[in-house]
Amino acid sequence: MPVSAVNSQVVFDALKASGVRLMSALPETWLVHLIRLADDDPDVTLVRLAKEEEGVGISMGAHLAGVKSAMLMQNHGFLASINGIVSGAQLFRVPLLMLISDRGGFGERDPWQTEGGAVTEAVLNALRIPIMRLDNPSRVEHQIRQAQALASSSNKPVALLLTRDLMWEES
Amino acid sequence: MTRIDALRAVYDRLDGCAVVTIMGAVAAELQSIGHRPNFFYLQHAMGLASSVGLGIALSKPSLPVVVFDGDGSVLMNLGGLTTLARYRPSNLLHVVFDNESLLSVGGFPTATGTCTRLAEVAAAAGVPRTACANTIDEFVKEFSAAQDARELTTLVAKVDAIGPAALVTDLGLLENRFQFQRYLHTR
């Protein structure tokens, strides 16, 4: 499978370095290594979800209890989480660190991903959620640290888009 | 059994617990009995009260957590029962007030009034302890037993479909949220 194990490790290490100790996830192809790393790490609590919106509630509870968390999901998982984000995290001013695999853009070969890819950034913008694209492994740690800082200081969700260039090794 | 009588009957047993409620009648009634810093009212985000409770319970394993959920909210997040069951935090007590309707938004009947039995749904999802209560005495007995059991429990309490006249209280959402966070930091 051409998902980048090396760059998944870079993202995982950066999340841990930024203080994340709980990760919620629902599997998708680009996230398989990240989820396995979280599952294997005794310092990280991995919560496997039935649906991504649950992760909003879990991250809210973790934040109120003083634990930094991250949500690992596909862009369709983000789309499935919107009410929780708006009427949970945004209404109650709770930071969310959302790592969203940005499927369905240029280079996508799965027809079923293409509609989600076309609307993800527009929906994030409509929700006024700040976005950074992670595409260069040498900048990932810095970007995740900055995202964590803004989420904490603003008490609001932020989105880090995991791009094809970062996560997929097929040329 | 009315929900407010059930809440009154276990109010003293909420001391030292992180308490998360759903929106609407449950939140307004608990506040009418007496707000405390350890109570958080999730005034929206329907379905996620149990997920918030799970996040707290996993983050503070020694802190007892009580979630006051409702049938309409649980039905919106049935998958969440499978996640609760999977991680089965022993410090979480999940109470579902089942009035067989979406009372706070007009009384639309839910599926629990015709066919769906939530305690059995929770048990089938893998929640290790489940219980039902139809009277105040049963509710207090099962609530106390669940607290003593130190095992994830879903307790379904059948209650009348009546609630308070007003749902908005004078406690601000953010005031409640930050007060609750500060409470958790002391635990």
# chains A, B, ... in the order shown; residues from 1 in each chain; ligands from 1

call {"tool": "residues_around", "arguments": {"residues": "Val3 in chain A", "least_positions_apart": "4", "cutoff": "6 Å", "atoms": "only C-alpha atoms", "output": "tab-separated table (two decimals) with C-alpha atoms, in the first residue's frame"}}
result
chain	number	residue	atom	x	y	z
A	30	TRP	CA	-4.43	7.34	4.28
A	167	MET	CA	0.37	10.81	2.61
A	168	TRP	CA	0.60	8.99	-0.71

call {"tool": "closest_atom_pairs", "arguments": {"of": "chain B", "to": "chain A", "cutoff": "9 Å", "atoms": "only C-alpha atoms", "output": "Markdown table"}}
result
| residue | atom | partner | partner_atom | distance |
| --- | --- | --- | --- | --- |
| B:Leu42 | CA | A:Gly88 | CA | 7.6 |
| B:Gln43 | CA | A:Ser87 | CA | 8.2 |
| B:His44 | CA | A:Ser87 | CA | 5.6 |
| B:Ala45 | CA | A:Ser87 | CA | 4.8 |
| B:Met46 | CA | A:Gly84 | CA | 7.8 |
| B:Gly47 | CA | A:Glu54 | CA | 8.4 |
| B:Leu48 | CA | A:Gly57 | CA | 5.3 |
| B:Ala49 | CA | A:Gly57 | CA | 7.0 |
| B:Ser50 | CA | A:Gly57 | CA | 7.8 |
| B:Ser51 | CA | A:Gly57 | CA | 4.7 |
| B:Val52 | CA | A:Gly61 | CA | 4.4 |
| B:Gly53 | CA | A:Gly61 | CA | 6.2 |
| B:Leu54 | CA | A:Ile58 | CA | 6.1 |
| B:Gly55 | CA | A:Ile58 | CA | 4.1 |
| B:Ile56 | CA | A:Gly61 | CA | 4.5 |
| B:Ala57 | CA | A:Gly61 | CA | 8.1 |
| B:Leu58 | CA | A:Ala62 | CA | 7.6 |
| B:Ser59 | CA | A:Ala62 | CA | 5.7 |
| B:Lys60 | CA | A:Ala65 | CA | 6.8 |
| B:Asn77 | CA | A:Glu54 | CA | 7.9 |
| B:Gly79 | CA | A:Ala50 | CA | 5.3 |
| B:Gly80 | CA | A:Glu54 | CA | 6.6 |
| B:Thr82 | CA | A:Ala50 | CA | 7.2 |
| B:Thr83 | CA | A:Leu49 | CA | 6.0 |
| B:Arg86 | CA | A:Arg48 | CA | 8.5 |
| B:Tyr87 | CA | A:Val47 | CA | 7.8 |
| B:Leu173 | CA | A:Phe92 | CA | 6.8 |
| B:Leu174 | CA | A:Phe92 | CA | 6.0 |
| B:Arg177 | CA | A:Phe92 | CA | 6.7 |
| B:Phe178 | CA | A:Leu64 | CA | 8.3 |
| B:Phe180 | CA | A:Leu64 | CA | 7.5 |
| B:Gln181 | CA | A:Leu64 | CA | 4.8 |
| B:Arg182 | CA | A:Leu64 | CA | 8.2 |
| B:Leu184 | CA | A:Ala65 | CA | 5.6 |
| B:His185 | CA | A:Ala65 | CA | 6.6 |
| B:Arg187 | CA | A:Ala65 | CA | 8.9 |

call {"tool": "residues_around", "arguments": {"residues": "range 8-16 of chain B", "least_positions_apart": "4", "cutoff": "7 Å", "atoms": "only C-alpha atoms", "output": "list in words"}}
result
Ile4, Ile33 and Val140 of chain B

call {"tool": "closest_residue", "arguments": {"among": "A:Asn155, A:His33, A:Glu115, A:Arg164", "to": "Gln9 in chain A", "atoms": "only C-alpha atoms"}}
result
A:His33

call {"tool": "residues_around", "arguments": {"residues": "His76 in chain A", "least_positions_apart": "6", "cutoff": "10 Å", "atoms": "only C-alpha atoms", "output": "PyMOL selection string"}}
result
chain A and resi 52+100-104+113+115-117+119-120

call {"tool": "write_last_selection", "arguments": {"atoms": "N, CA and C atoms", "output": "PDB file, in the first residue's frame"}}
result
ATOM      1  N   GLU A  52     -17.594   9.730  13.055  1.00  0.00           N
ATOM      2  CA  GLU A  52     -16.626  10.764  13.436  1.00  0.00           C
ATOM      3  C   GLU A  52     -17.192  11.813  14.381  1.00  0.00           C
ATOM      4  N   ILE A 100      -7.452  16.048   8.907  1.00  0.00           N
ATOM      5  CA  ILE A 100      -8.440  15.605   7.922  1.00  0.00           C
ATOM      6  C   ILE A 100      -7.716  15.175   6.653  1.00  0.00           C
ATOM      7  N   SER A 101      -7.848  13.915   6.298  1.00  0.00           N
ATOM      8  CA  SER A 101      -7.246  13.486   5.036  1.00  0.00           C
ATOM      9  C   SER A 101      -8.088  14.039   3.890  1.00  0.00           C
ATOM     10  N   ASP A 102      -7.445  14.799   3.035  1.00  0.00           N
ATOM     11  CA  ASP A 102      -8.152  15.593   2.035  1.00  0.00           C
ATOM     12  C   ASP A 102      -8.259  14.802   0.739  1.00  0.00           C
ATOM     13  N   ARG A 103      -9.165  13.849   0.753  1.00  0.00           N
ATOM     14  CA  ARG A 103      -9.359  12.990  -0.417  1.00  0.00           C
ATOM     15  C   ARG A 103     -10.178  13.718  -1.486  1.00  0.00           C
ATOM     16  N   GLY A 104     -10.057  13.233  -2.705  1.00  0.00           N
ATOM     17  CA  GLY A 104     -10.945  13.721  -3.754  1.00  0.00           C
ATOM     18  C   GLY A 104     -10.445  14.911  -4.544  1.00  0.00           C
ATOM     19  N   GLN A 113     -14.782   9.566  -4.042  1.00  0.00           N
ATOM     20  CA  GLN A 113     -14.203  10.597  -3.165  1.00  0.00           C
ATOM     21  C   GLN A 113     -14.334  12.005  -3.745  1.00  0.00           C
ATOM     22  N   GLU A 115     -16.667  14.189  -4.864  1.00  0.00           N
ATOM     23  CA  GLU A 115     -17.574  15.270  -4.431  1.00  0.00           C
ATOM     24  C   GLU A 115     -17.097  15.869  -3.110  1.00  0.00           C
ATOM     25  N   GLY A 116     -16.682  15.019  -2.174  1.00  0.00           N
ATOM     26  CA  GLY A 116     -16.198  15.522  -0.887  1.00  0.00           C
ATOM     27  C   GLY A 116     -14.962  16.395  -1.063  1.00  0.00           C
ATOM     28  N   GLY A 117     -14.097  15.951  -1.958  1.00  0.00           N
ATOM     29  CA  GLY A 117     -12.879  16.731  -2.194  1.00  0.00           C
ATOM     30  C   GLY A 117     -13.178  18.113  -2.720  1.00  0.00           C
ATOM     31  N   VAL A 119     -15.652  20.061  -1.920  1.00  0.00           N
ATOM     32  CA  VAL A 119     -16.344  20.995  -1.017  1.00  0.00           C
ATOM     33  C   VAL A 119     -15.658  21.174   0.343  1.00  0.00           C
ATOM     34  N   THR A 120     -14.655  20.354   0.640  1.00  0.00           N
ATOM     35  CA  THR A 120     -14.111  20.355   2.008  1.00  0.00           C
ATOM     36  C   THR A 120     -13.628  21.736   2.449  1.00  0.00           C
TER      37      THR A 120
END

call {"tool": "select_by_dssp", "arguments": {"residues": "range 27-150 of chain B", "states": "strand (DSSP E)", "output": "MDAnalysis selection string"}}
result
chainID B and resid 39:41 65:70 92:98 101:102 108:109 129:133

call {"tool": "residues_around", "arguments": {"residues": "Thr154 in chain B", "least_positions_apart": "4", "cutoff": "8 Å", "atoms": "only C-alpha atoms", "output": "list of chain:residue names"}}
result
B:Leu93, B:His94, B:Val95, B:Val96, B:Ala119, B:Ala122, B:Val127, B:Arg129, B:Thr130, B:Ala131

call {"tool": "write_last_selection", "arguments": {"atoms": "C-alpha atoms", "output": "PDB file, in the first residue's frame"}}
result
ATOM      1  CA  LEU B  93     -22.686   5.854  34.729  1.00  0.00           C
ATOM      2  CA  HIS B  94     -24.910   6.490  31.721  1.00  0.00           C
ATOM      3  CA  VAL B  95     -28.487   7.313  32.714  1.00  0.00           C
ATOM      4  CA  VAL B  96     -31.094   7.551  29.957  1.00  0.00           C
ATOM      5  CA  ALA B 119     -31.468  -1.052  27.702  1.00  0.00           C
ATOM      6  CA  ALA B 122     -27.094  -0.993  25.107  1.00  0.00           C
ATOM      7  CA  VAL B 127     -22.349  -2.315  27.693  1.00  0.00           C
ATOM      8  CA  ARG B 129     -24.204  -3.538  33.007  1.00  0.00           C
ATOM      9  CA  THR B 130     -27.656  -2.397  32.035  1.00  0.00           C
ATOM     10  CA  ALA B 131     -30.743  -1.781  34.106  1.00  0.00           C
TER      11      ALA B 131
END

call {"tool": "atom_distance", "arguments": {"atom1": "CA of Leu97 in chain A", "atom2": "CA of Leu160 in chain A"}}
result
7.6 Å

call {"tool": "atom_distance", "arguments": {"atom1": "CA of Lys16 in chain A", "atom2": "CA of Pro137 in chain A"}}
result
15.4 Å

call {"tool": "residues_around", "arguments": {"residues": "Ser101 in chain B", "least_positions_apart": "3", "cutoff": "10 Å", "atoms": "only C-alpha atoms", "output": "ChimeraX atom specification"}}
result
/B:70-72,98,104-113,160-162

call {"tool": "residues_around", "arguments": {"residues": "Met132 in chain A", "least_positions_apart": "5", "cutoff": "10 Å", "atoms": "only C-alpha atoms", "output": "list of chain:residue names"}}
result
A:Leu99, A:Gln143, A:Ile144, A:Gln146, A:Ala147, A:Val158, A:Ala159, A:Leu160, A:Leu161, A:Leu162

call {"tool": "write_last_selection", "arguments": {"atoms": "C-alpha atoms", "output": "mmCIF file, in the first residue's frame"}}
result
data_model
loop_
_atom_site.group_PDB
_atom_site.id
_atom_site.type_symbol
_atom_site.label_atom_id
_atom_site.label_comp_id
_atom_site.auth_asym_id
_atom_site.auth_seq_id
_atom_site.Cartn_x
_atom_site.Cartn_y
_atom_site.Cartn_z
ATOM 1 C CA LEU A 99 -6.442 16.144 11.061
ATOM 2 C CA GLN A 143 2.727 23.501 11.554
ATOM 3 C CA ILE A 144 1.180 21.155 14.108
ATOM 4 C CA GLN A 146 1.283 26.357 15.448
ATOM 5 C CA ALA A 147 -2.134 24.757 14.963
ATOM 6 C CA VAL A 158 -8.583 24.236 13.648
ATOM 7 C CA ALA A 159 -8.131 21.988 10.603
ATOM 8 C CA LEU A 160 -4.939 20.454 9.293
ATOM 9 C CA LEU A 161 -5.470 18.966 5.854
ATOM 10 C CA LEU A 162 -3.388 15.869 5.181
#

call {"tool": "select_by_dssp", "arguments": {"residues": "chain A", "states": "helix (DSSP H, G or I)", "output": "PyMOL selection string"}}
result
chain A and resi 5-17+29-40+53-64+75-79+82-90+111-126+137-154+164-167

call {"tool": "atom_distance", "arguments": {"atom1": "CA of Leu75 in chain B", "atom2": "CA of Leu118 in chain B"}}
result
8.6 Å
